[in-house]
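Following: one structure in structure tokens, then a few remarks.
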Amino acid sequence: RHAAWAAQVCNRGQAPPWPWVVRVVRRVDRPDLRAGPSAPLNSAPAGLGFNNDSSFVTAREGEFVVRVYRNTAEPERVRYEHELLGKLAAQPLPFALPEPIRTRAGDTIAVLETDEGPRLATLFRRIPGKPARITPHNARLAGRALARLDDALGRVELQVRAPARLDEVHPLVPDALAAIDDLQLDGSTRDVVVAALERVDREHDPLVGALPRQIVHGDFAFPNLLVARGRVTGLLDFEFSGPDVRAADLACALYITVVRGGDRERWQLLDALADGYRRVLPLDPAEIAALPALLLRRCAIGVVHWIGRWRQGIVDLETARERPRRLLP
């Protein structure tokens, strides 16, 4: 199957996937992207994100980012992300979004050979700015930017199917509750985690059935927000975008702020984030009332996702165990 992808998507044996890339990636930690004679370039690991491998690339044509996917080997999933980005490009947003660059074959996906086997990859134009630090000022900027994005996503013409249940979060975790036992948690921790996941599963239908649905970003994090000179220049990482309840994006942002923000500034950060969001896109009363349940749901989704990453061999067991512990009182 990988060979078929390589032949179809990457046009292997003929031209390189992008005009100025001569070699495919050989090592993920520092991809070998030496240029042909017309466009010298260099590359360096970007050190961004937990899910994929990214490198900054400098070429005569400009500045780029190469993303090599680790979470998925399914072209359809990546094509959905690129289709969504294409539709969002027509929306009047005050910041930039990732722009996939087409290969010589006309595709936005290439298949690269790595030490771990064939991997899907995409080249994006680099957006100016640096990943946002977690500060009250940036939290307010983040709330505004996320609300503007959600407003634009609400106008995107893509099918809005039912939001995923826990057993649909990761293909390697078809039974989320049974998977908890594989983590070998101590008895009291296991009981709390199982009870939380059972509650999320039990409340799924009434929760999502009562709230507005649309396409959402699905993976807010402060490093996905690029800032420069006190303003947002870009919003990244649409890999997990898809149908959900609208308020799930704000719940995800609040959750990330709680687990990654400092204890001393926590409430100031949360207040700035929520205030920035509601001033652009006010939620209705039902969505506001549902935020605690959506926060619990977001934490449970993270538990399942990281069990899946452990089963993929991407993270170790201790890393997978850390997410369920966030459910402890």
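Residues in the structure tokens are named by chain (A, B, ... in the order shown) and by number from 1 within that chain; ligands are numbered from 1 in the order shown.
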
Which residues, written as a list in words, have at least one atom at most 10 Å from A:Gly62, with only C-alpha atoms counted and residues fewer than 2 positions away on the same chain left out? Leu41, Val57, Thr58, Ala59, Arg60, Phe64, Arg125 and Arg126 of chain A

Using only C-alpha atoms, find each residue of stretch 122-199 of chain A with at least one atom at most 10 Å away from an atom of stretch 313-326 of chain A; report its shortest atom-to-atom pair and that distance in Å (one decimal), sort the rows by chain and rising residue number, and return the result as a tab-separated table.
residue	atom	partner	partner_atom	distance
A:Ile180	CA	A:Pro324	CA	8.7
A:Asp182	CA	A:Leu317	CA	9.4
A:Leu183	CA	A:Arg321	CA	6.2
A:Gln184	CA	A:Arg321	CA	8.5
A:Leu185	CA	A:Arg321	CA	7.4
A:Thr189	CA	A:Arg325	CA	7.2
A:Arg190	CA	A:Pro324	CA	8.5
A:Val192	CA	A:Pro324	CA	9.0
A:Val193	CA	A:Pro324	CA	6.2
A:Val194	CA	A:Pro324	CA	9.3
A:Ala196	CA	A:Pro324	CA	9.6
A:Leu197	CA	A:Pro324	CA	9.9

Quick one: residues within 12 Å of A:Ala274, only C-alpha atoms counted, chain neighbours fewer than 6 positions away excluded, as a list in words? Pro136, Asn138, Ala139, Arg140, Leu141, Ala142, Gly143, Arg144, Ala145, Leu146, Ala147, Ala247, Asp249, Leu250, Ala251, Cys252, Ala253, Leu254, Tyr255, Thr257, Trp267, Gln268, Val280, Leu281, Pro282, Leu283, Ile288 and Leu291 of chain A

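Separating atom CA of A:Gly276 from atom CA of A:Arg133 is a distance of 16.2 Å.
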
Exercise: A:Ile307 partners within 8 Å, only C-alpha atoms, chain neighbours under 3 positions left out, as a VMD selection string: chain A and resid 173 179 303 to 304 310 to 311 320

Output file for the residues above (C-alpha atoms, as a PDB file, in the first residue's frame):
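In the end it all went to again37.pdb:
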ATOM      1  CA  VAL A 173      -8.400   2.279  20.717  1.00  0.00           C
ATOM      2  CA  ALA A 179      -7.757   0.196  27.136  1.00  0.00           C
ATOM      3  CA  VAL A 303      -6.572  10.086  27.461  1.00  0.00           C
ATOM      4  CA  VAL A 304      -7.754   7.963  24.532  1.00  0.00           C
ATOM      5  CA  TRP A 310       1.464   4.602  22.915  1.00  0.00           C
ATOM      6  CA  ARG A 311       0.019   1.676  20.959  1.00  0.00           C
ATOM      7  CA  ALA A 320       0.511   7.647  28.183  1.00  0.00           C
TER       8      ALA A 320
END

Gap from atom CA of A:Gly86 to atom CA of A:Val68 - Å, one decimal: 19.6 Å

Pick from A:Val111, A:Ala272, A:Ala195, A:Leu235, whichever lies nearest to A:Leu85 using only C-alpha atoms: A:Leu235

Using DSSP on the backbone coordinates, identify the residues of stretch 42-186 of chain A assigned to helix (DSSP H, G or I); present them as an MDAnalysis selection string. chainID A and resid 75:88 136:153 166:168 176:183

May I have the selected residues written with N, CA and C atoms, as a compact mmCIF listing (two decimals), in the first residue's frame?
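This went into part_17.txt:
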# COMPACT_ATOMS: atom_id res chain seq x y z
N PRO A 75 -3.94 8.94 3.63
CA PRO A 75 -4.01 10.17 2.83
C PRO A 75 -5.34 10.90 2.94
N GLU A 76 -6.44 10.15 3.11
CA GLU A 76 -7.75 10.78 3.16
C GLU A 76 -7.86 11.77 4.32
N ARG A 77 -7.25 11.41 5.44
CA ARG A 77 -7.30 12.29 6.61
C ARG A 77 -6.53 13.58 6.35
N VAL A 78 -5.37 13.46 5.71
CA VAL A 78 -4.58 14.65 5.41
C VAL A 78 -5.27 15.49 4.34
N ARG A 79 -5.90 14.83 3.36
CA ARG A 79 -6.60 15.58 2.31
C ARG A 79 -7.78 16.38 2.89
N TYR A 80 -8.44 15.83 3.88
CA TYR A 80 -9.54 16.57 4.52
C TYR A 80 -8.99 17.84 5.15
N GLU A 81 -7.86 17.73 5.85
CA GLU A 81 -7.24 18.91 6.45
C GLU A 81 -6.92 19.96 5.39
N HIS A 82 -6.36 19.53 4.26
CA HIS A 82 -5.98 20.47 3.21
C HIS A 82 -7.21 21.06 2.52
N GLU A 83 -8.26 20.26 2.37
CA GLU A 83 -9.49 20.78 1.78
C GLU A 83 -10.07 21.87 2.68
N LEU A 84 -10.06 21.63 3.98
CA LEU A 84 -10.58 22.63 4.91
C LEU A 84 -9.75 23.91 4.85
N LEU A 85 -8.44 23.79 4.80
CA LEU A 85 -7.59 24.97 4.71
C LEU A 85 -7.87 25.74 3.42
N GLY A 86 -8.12 25.02 2.34
CA GLY A 86 -8.44 25.68 1.08
C GLY A 86 -9.73 26.47 1.17
N LYS A 87 -10.73 25.92 1.84
CA LYS A 87 -11.99 26.64 1.99
C LYS A 87 -11.84 27.84 2.93
N LEU A 88 -11.03 27.69 3.96
CA LEU A 88 -10.82 28.81 4.89
C LEU A 88 -10.03 29.94 4.24
N PRO A 136 -1.30 36.42 30.20
CA PRO A 136 -2.66 36.97 30.09
C PRO A 136 -2.89 37.73 28.80
N HIS A 137 -1.89 38.49 28.35
CA HIS A 137 -2.06 39.23 27.09
C HIS A 137 -2.27 38.27 25.93
N ASN A 138 -1.43 37.24 25.85
CA ASN A 138 -1.56 36.28 24.76
C ASN A 138 -2.83 35.45 24.89
N ALA A 139 -3.28 35.21 26.12
CA ALA A 139 -4.53 34.47 26.32
C ALA A 139 -5.71 35.25 25.73
N ARG A 140 -5.70 36.58 25.91
CA ARG A 140 -6.77 37.39 25.35
C ARG A 140 -6.69 37.39 23.82
N LEU A 141 -5.47 37.50 23.28
CA LEU A 141 -5.29 37.41 21.84
C LEU A 141 -5.76 36.05 21.32
N ALA A 142 -5.43 35.00 22.07
CA ALA A 142 -5.81 33.65 21.65
C ALA A 142 -7.32 33.49 21.63
N GLY A 143 -8.01 34.02 22.65
CA GLY A 143 -9.46 33.92 22.67
C GLY A 143 -10.10 34.61 21.48
N ARG A 144 -9.60 35.78 21.15
CA ARG A 144 -10.14 36.51 20.00
C ARG A 144 -9.88 35.75 18.69
N ALA A 145 -8.65 35.28 18.53
CA ALA A 145 -8.28 34.58 17.29
C ALA A 145 -9.09 33.30 17.12
N LEU A 146 -9.25 32.54 18.21
CA LEU A 146 -10.00 31.29 18.13
C LEU A 146 -11.46 31.57 17.80
N ALA A 147 -12.02 32.62 18.38
CA ALA A 147 -13.42 32.97 18.09
C ALA A 147 -13.57 33.38 16.63
N ARG A 148 -12.63 34.16 16.11
CA ARG A 148 -12.70 34.55 14.70
C ARG A 148 -12.61 33.32 13.80
N LEU A 149 -11.72 32.39 14.18
CA LEU A 149 -11.60 31.17 13.40
C LEU A 149 -12.89 30.36 13.47
N ASP A 150 -13.46 30.21 14.65
CA ASP A 150 -14.71 29.45 14.78
C ASP A 150 -15.84 30.09 13.99
N ASP A 151 -15.87 31.41 13.96
CA ASP A 151 -16.87 32.10 13.18
C ASP A 151 -16.71 31.77 11.69
N ALA A 152 -15.46 31.75 11.23
CA ALA A 152 -15.19 31.40 9.83
C ALA A 152 -15.50 29.93 9.57
N LEU A 153 -15.13 29.05 10.50
CA LEU A 153 -15.40 27.62 10.33
C LEU A 153 -16.90 27.34 10.26
N LEU A 166 -15.94 8.42 22.38
CA LEU A 166 -14.60 8.08 22.84
C LEU A 166 -14.01 6.91 22.07
N ASP A 167 -14.85 5.94 21.70
CA ASP A 167 -14.35 4.77 20.97
C ASP A 167 -14.00 5.08 19.52
N GLU A 168 -14.27 6.32 19.08
CA GLU A 168 -13.96 6.72 17.71
C GLU A 168 -12.81 7.72 17.64
N ALA A 176 -12.37 2.23 24.61
CA ALA A 176 -11.62 3.14 25.47
C ALA A 176 -11.55 2.64 26.91
N LEU A 177 -12.64 2.10 27.43
CA LEU A 177 -12.65 1.65 28.83
C LEU A 177 -11.72 0.46 29.03
N ALA A 178 -11.76 -0.49 28.12
CA ALA A 178 -10.88 -1.65 28.24
C ALA A 178 -9.41 -1.26 28.13
N ALA A 179 -9.14 -0.22 27.35
CA ALA A 179 -7.76 0.20 27.14
C ALA A 179 -7.12 0.76 28.40
N ILE A 180 -7.93 1.25 29.33
CA ILE A 180 -7.38 1.81 30.56
C ILE A 180 -6.59 0.76 31.34
N ASP A 181 -7.05 -0.48 31.32
CA ASP A 181 -6.35 -1.54 32.06
C ASP A 181 -4.95 -1.78 31.52
N ASP A 182 -4.72 -1.49 30.23
CA ASP A 182 -3.38 -1.68 29.66
C ASP A 182 -2.37 -0.71 30.25
N LEU A 183 -2.83 0.39 30.85
CA LEU A 183 -1.91 1.37 31.42
C LEU A 183 -1.37 0.95 32.78

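The environment of A:Val160 within 9 Å, counting only C-alpha atoms and disregarding residues fewer than 6 places along the same chain, consists of Arg213, Gln214, Ile215, Gly242, Pro243 and Asp244 of chain A.
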